[in-house]
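Encoded as structure tokens, the structure appears first; notes follow it.
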Amino acid sequence: MSAFIVLGAQWGDEGKGKMTDYLAEGADVVARSQGGNNAGHTVEVGDKQYKLHLIPSGILYSDKLNIIGNGVVLDPKSLFEEIEYLNNMGVEVTPEKLVISDRAHLIMPYHRALDGASEKLRGKNDIGTTGKGIGPCYTDKAERSGLRVCDLMHPEIFKEKLKANLEIKNAILTKVYGIEGFDYKEICEEYLEYGERMKAYVKDTSVIVYDEIKKGKSVLFEGAQGNLLDIDYGTYPYVTSSNTIGGGVCPGTGIGPTMIDSAVGIAKAYTTRVGKGPFPTELFDEMGEHIREAGHEYGVVTGRARRCGWLDVVILKQAARVSGLTSFAITKIDTLAGIDKVKMCVGYEFNGETIDYIPASLEDLALCKPVYEEFDGWGEEVADARSYDKLPENAKKYLKRIEELTETKISIVSVGAKRDQTIKVSDI
Ligand code: GDP
Ligand code: IMO
Ligand code: MG
């Protein structure tokens, strides 16, 4: 029996797509438990680059079962666009390869509109969301008015629930935000057609995940976003609307915590963030610019330039704690190649003390000044290493220090975007 989690240990975009693809080779099932098409996971195989949003990265293999769990918020429009995109890339998506939870909540057109309108109204205090309707959809889920995939499977029930919902949503859109509402008939037609097309994929995925683990199959849970975008442990309110931390996998796929064996936290060798919110090690100088260009740090979903800064181990320590990480996979060590002196934040100076945790209050976090350790850099040869002992000595010193400070081993080092540019250090 083996069930393991692959999740982001920072603010997202750590290379979860690449690491899921790498680790999926040894798995039978790949399941998503939270988030939606706000995710943008890149996988490079051979000379092809795939960008996935809603569909688990295991879809690129012909023999893996991929699951969109109940905790995911599903935009059917985005789902079918992604299926078409994959088909055009030569990847088959069939009900034998992809299963969708009947309990997953549906992102509706009014969720996307509300996402945009509320961000606009917040003005300079906006969150910088991806605009995909994620927050409003999870709001409805928590408020208990959401529409679910199982509703789509019963057209009469769907119609009734949509009518009740749309009345309220249209009132909010027109009267609060002063924008146009939506036409009931149009949404009904569009979504019932999606429902028809989706039918063959829809199942109770909790039963499938449970049975597969019981049968001794290996299940990989592919996280979206990252620890610091978690609704509870992230830099609230500059977060996404789901639990991105390890524990989120249980309610998001319908299994208990005792069924999970390990959790790999994916972390870049530096830090990036897209969207607004605090970022203690952010670099506003040429070094930040250099890292952005060397690492091609532009968002997969929105194309926005990612903010870049030095590695923050305080963040990694929190990730190890709140997600129960059993190891780290460190990615993009090649991006730092050629930098003379590489810095690592090992704590924060706060109110005259050095702390190694992230304060809850953003006002306190804003007062935190990173405490840095400096390391001699390494060269481009790092990208050619295919075993740990072939890594430059200085890169190894840097990695060792991460292990020491986080008290967590590094099981994988990634030295490039491609599947084979990966070094296994130890079993996950
Ligand atoms: P995700 O959201 O965590 O899956 O990450 P993204 O796909 O949004 O962003 C990570 C980017 O880094 C993608 O373009 C990957 O192809 C790329 N990448 C992943 N690992 C490495 C690595 O070790 N080195 C380099 N240079 N690029 C990497
Ligand atoms: P992956 O899975 C990076 C950020 C947005 C914004 C905040 C809230 O590719 O790592 P939302 O649309 O979720 O309400 O936006 O969260 N965000 C991400 N940042 N990677 C992601 O996904 C993200 N998904 C959401 O930029 O700051
Ligand atoms: Mg991404």
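Simple scheme: letters A, B, ... for chains in structure tokens order, numbers from 1 for residues in each chain, numbers from 1 for ligands in the order shown.
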
Surrounding residues as a PyMOL selection string, ligand 2, max 6 Å, only C-alpha atoms and all ligand atoms:
chain A and resi 11-13+38-41+127-132+134-135+224-225+229+238-240+274-276

Contacts of Asp356 of chain A at 9 Å (only C-alpha atoms; same-chain gap of 5+ positions) as a compact mmCIF listing (two decimals) with all heavy atoms, in the first residue's frame:
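Output file part.txt is given in full below:
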```txt
# COMPACT_ATOMS: atom_id res chain seq x y z
N VAL A 313 13.86 29.86 4.07
CA VAL A 313 13.74 28.57 4.77
C VAL A 313 12.68 28.61 5.88
O VAL A 313 12.17 27.57 6.29
CB VAL A 313 15.12 28.10 5.28
CG1 VAL A 313 15.00 26.81 6.07
CG2 VAL A 313 16.07 27.87 4.10
N VAL A 314 12.35 29.82 6.33
CA VAL A 314 11.27 29.93 7.32
C VAL A 314 9.99 29.35 6.71
O VAL A 314 9.23 28.61 7.37
CB VAL A 314 11.05 31.41 7.75
CG1 VAL A 314 9.94 31.50 8.78
CG2 VAL A 314 12.34 32.01 8.29
N ILE A 315 9.78 29.67 5.44
CA ILE A 315 8.61 29.16 4.72
C ILE A 315 8.67 27.63 4.62
O ILE A 315 7.68 26.94 4.84
CB ILE A 315 8.55 29.80 3.31
CG1 ILE A 315 8.20 31.29 3.42
CG2 ILE A 315 7.56 29.07 2.42
CD1 ILE A 315 8.29 32.05 2.09
N LYS A 317 10.24 25.59 6.56
CA LYS A 317 10.03 24.96 7.88
C LYS A 317 8.55 24.87 8.20
O LYS A 317 8.07 23.86 8.72
CB LYS A 317 10.70 25.82 8.98
CG LYS A 317 12.19 25.56 9.10
CD LYS A 317 12.77 26.44 10.15
CE LYS A 317 13.17 25.66 11.37
NZ LYS A 317 14.20 26.36 12.16
N GLN A 318 7.84 25.94 7.89
CA GLN A 318 6.39 25.91 8.14
C GLN A 318 5.73 24.83 7.28
O GLN A 318 4.86 24.08 7.75
CB GLN A 318 5.73 27.26 7.85
CG GLN A 318 4.20 27.12 7.85
CD GLN A 318 3.44 28.43 7.84
OE1 GLN A 318 3.63 29.27 8.70
NE2 GLN A 318 2.57 28.58 6.86
N VAL A 346 17.35 32.44 6.73
CA VAL A 346 17.31 31.36 7.74
C VAL A 346 16.45 31.74 8.95
O VAL A 346 16.26 30.95 9.86
CB VAL A 346 18.73 30.98 8.19
CG1 VAL A 346 19.55 30.45 7.01
CG2 VAL A 346 19.45 32.17 8.83
N GLY A 347 15.97 32.99 8.97
CA GLY A 347 15.12 33.44 10.08
C GLY A 347 14.69 34.86 9.81
O GLY A 347 15.10 35.48 8.81
N TYR A 348 13.83 35.39 10.67
CA TYR A 348 13.41 36.79 10.54
C TYR A 348 13.79 37.54 11.80
O TYR A 348 13.65 37.02 12.90
CB TYR A 348 11.88 36.91 10.39
CG TYR A 348 11.26 36.22 9.20
CD1 TYR A 348 9.97 35.67 9.32
CD2 TYR A 348 11.90 36.14 7.97
CE1 TYR A 348 9.35 35.05 8.25
CE2 TYR A 348 11.28 35.51 6.89
CZ TYR A 348 10.02 34.97 7.03
OH TYR A 348 9.40 34.36 5.98
N GLU A 349 14.23 38.77 11.61
CA GLU A 349 14.42 39.65 12.75
C GLU A 349 13.08 40.35 13.00
O GLU A 349 12.53 41.00 12.10
CB GLU A 349 15.49 40.68 12.39
CG GLU A 349 16.40 41.02 13.55
CD GLU A 349 17.45 42.00 13.08
OE1 GLU A 349 17.15 43.21 13.09
OE2 GLU A 349 18.52 41.53 12.64
```

Please, which residues have at least one atom within 7 Å of an atom of ligand 1, using only C-alpha atoms and all ligand atoms, listed as a tab-separated table (two decimals) with C-alpha atoms, in the first residue's frame?
```
chain	number	residue	atom	x	y	z
A	8	GLY	CA	3.92	23.01	-3.28
A	12	GLY	CA	2.89	27.84	-6.07
A	13	ASP	CA	4.72	27.18	-9.36
A	14	GLU	CA	7.44	25.17	-7.60
A	15	GLY	CA	7.51	22.54	-10.35
A	16	LYS	CA	4.70	20.29	-9.08
A	17	GLY	CA	3.77	19.38	-12.66
A	18	LYS	CA	7.29	18.26	-13.45
A	39	ALA	CA	-3.37	25.92	-11.40
A	40	GLY	CA	-0.89	25.86	-14.25
A	41	HIS	CA	1.33	22.79	-14.21
A	42	THR	CA	4.05	22.45	-16.82
A	43	VAL	CA	5.40	19.10	-17.91
A	44	GLU	CA	8.16	18.72	-20.49
A	224	ALA	CA	-2.14	22.64	-6.61
A	225	GLN	CA	-0.94	26.08	-5.45
A	295	GLY	CA	14.06	30.89	-14.58
A	296	HIS	CA	11.49	32.08	-17.14
A	299	GLY	CA	2.76	32.68	-14.94
A	300	VAL	CA	1.32	29.71	-16.84
A	331	THR	CA	13.78	22.31	-8.19
A	332	LYS	CA	15.46	24.88	-10.42
A	333	ILE	CA	18.85	24.66	-8.78
A	334	ASP	CA	20.12	25.32	-12.36
A	335	THR	CA	18.44	28.74	-12.43
A	414	SER	CA	15.71	18.89	-10.22
A	415	VAL	CA	18.28	20.49	-12.52
A	416	GLY	CA	16.12	21.34	-15.52
A	417	ALA	CA	12.56	21.27	-16.82
```

List the neighbours of Val29 of chain A out to 12 Å using only C-alpha atoms; skip same-chain residues closer than 5 positions along the sequence, and give me the result as an NGL selection string.
:A and (2-5 or 20-21 or 23-24 or 56-59 or 61-69 or 96-99 or 205 or 208-213 or 216-222)

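Closest to ligand 3 among A:Gly226, A:Pro76, A:Gly123, A:Gly181 is A:Gly226, based on only C-alpha atoms and all ligand atoms.
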
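Nearest-residue note for Ala269 of chain A: choosing from A:Leu7, A:Tyr357, A:Ala27, A:Ala329, the minimum distance belongs to A:Ala329, counting only C-alpha atoms.
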
Which residues come within 12 Å of Glu363 of chain A, counting only C-alpha atoms, excluding same-chain residues fewer than 4 positions away, as a PyMOL selection string?
chain A and resi 235-236+277-278+350+358-359+367-368

So that I can check the surroundings of segment 163-165 of chain A, please list as a list in words every protein, DNA and RNA residue that reaches within 10 Å of it, counting only C-alpha atoms and ignoring chain neighbours fewer than 3 positions away.
Tyr110, Asp140, Ser145, Gly146, Leu147, Ile157, Phe158, Lys159, Glu160, Ile168, Lys169, Asn170, Tyr184, Lys185 and Cys188 of chain A
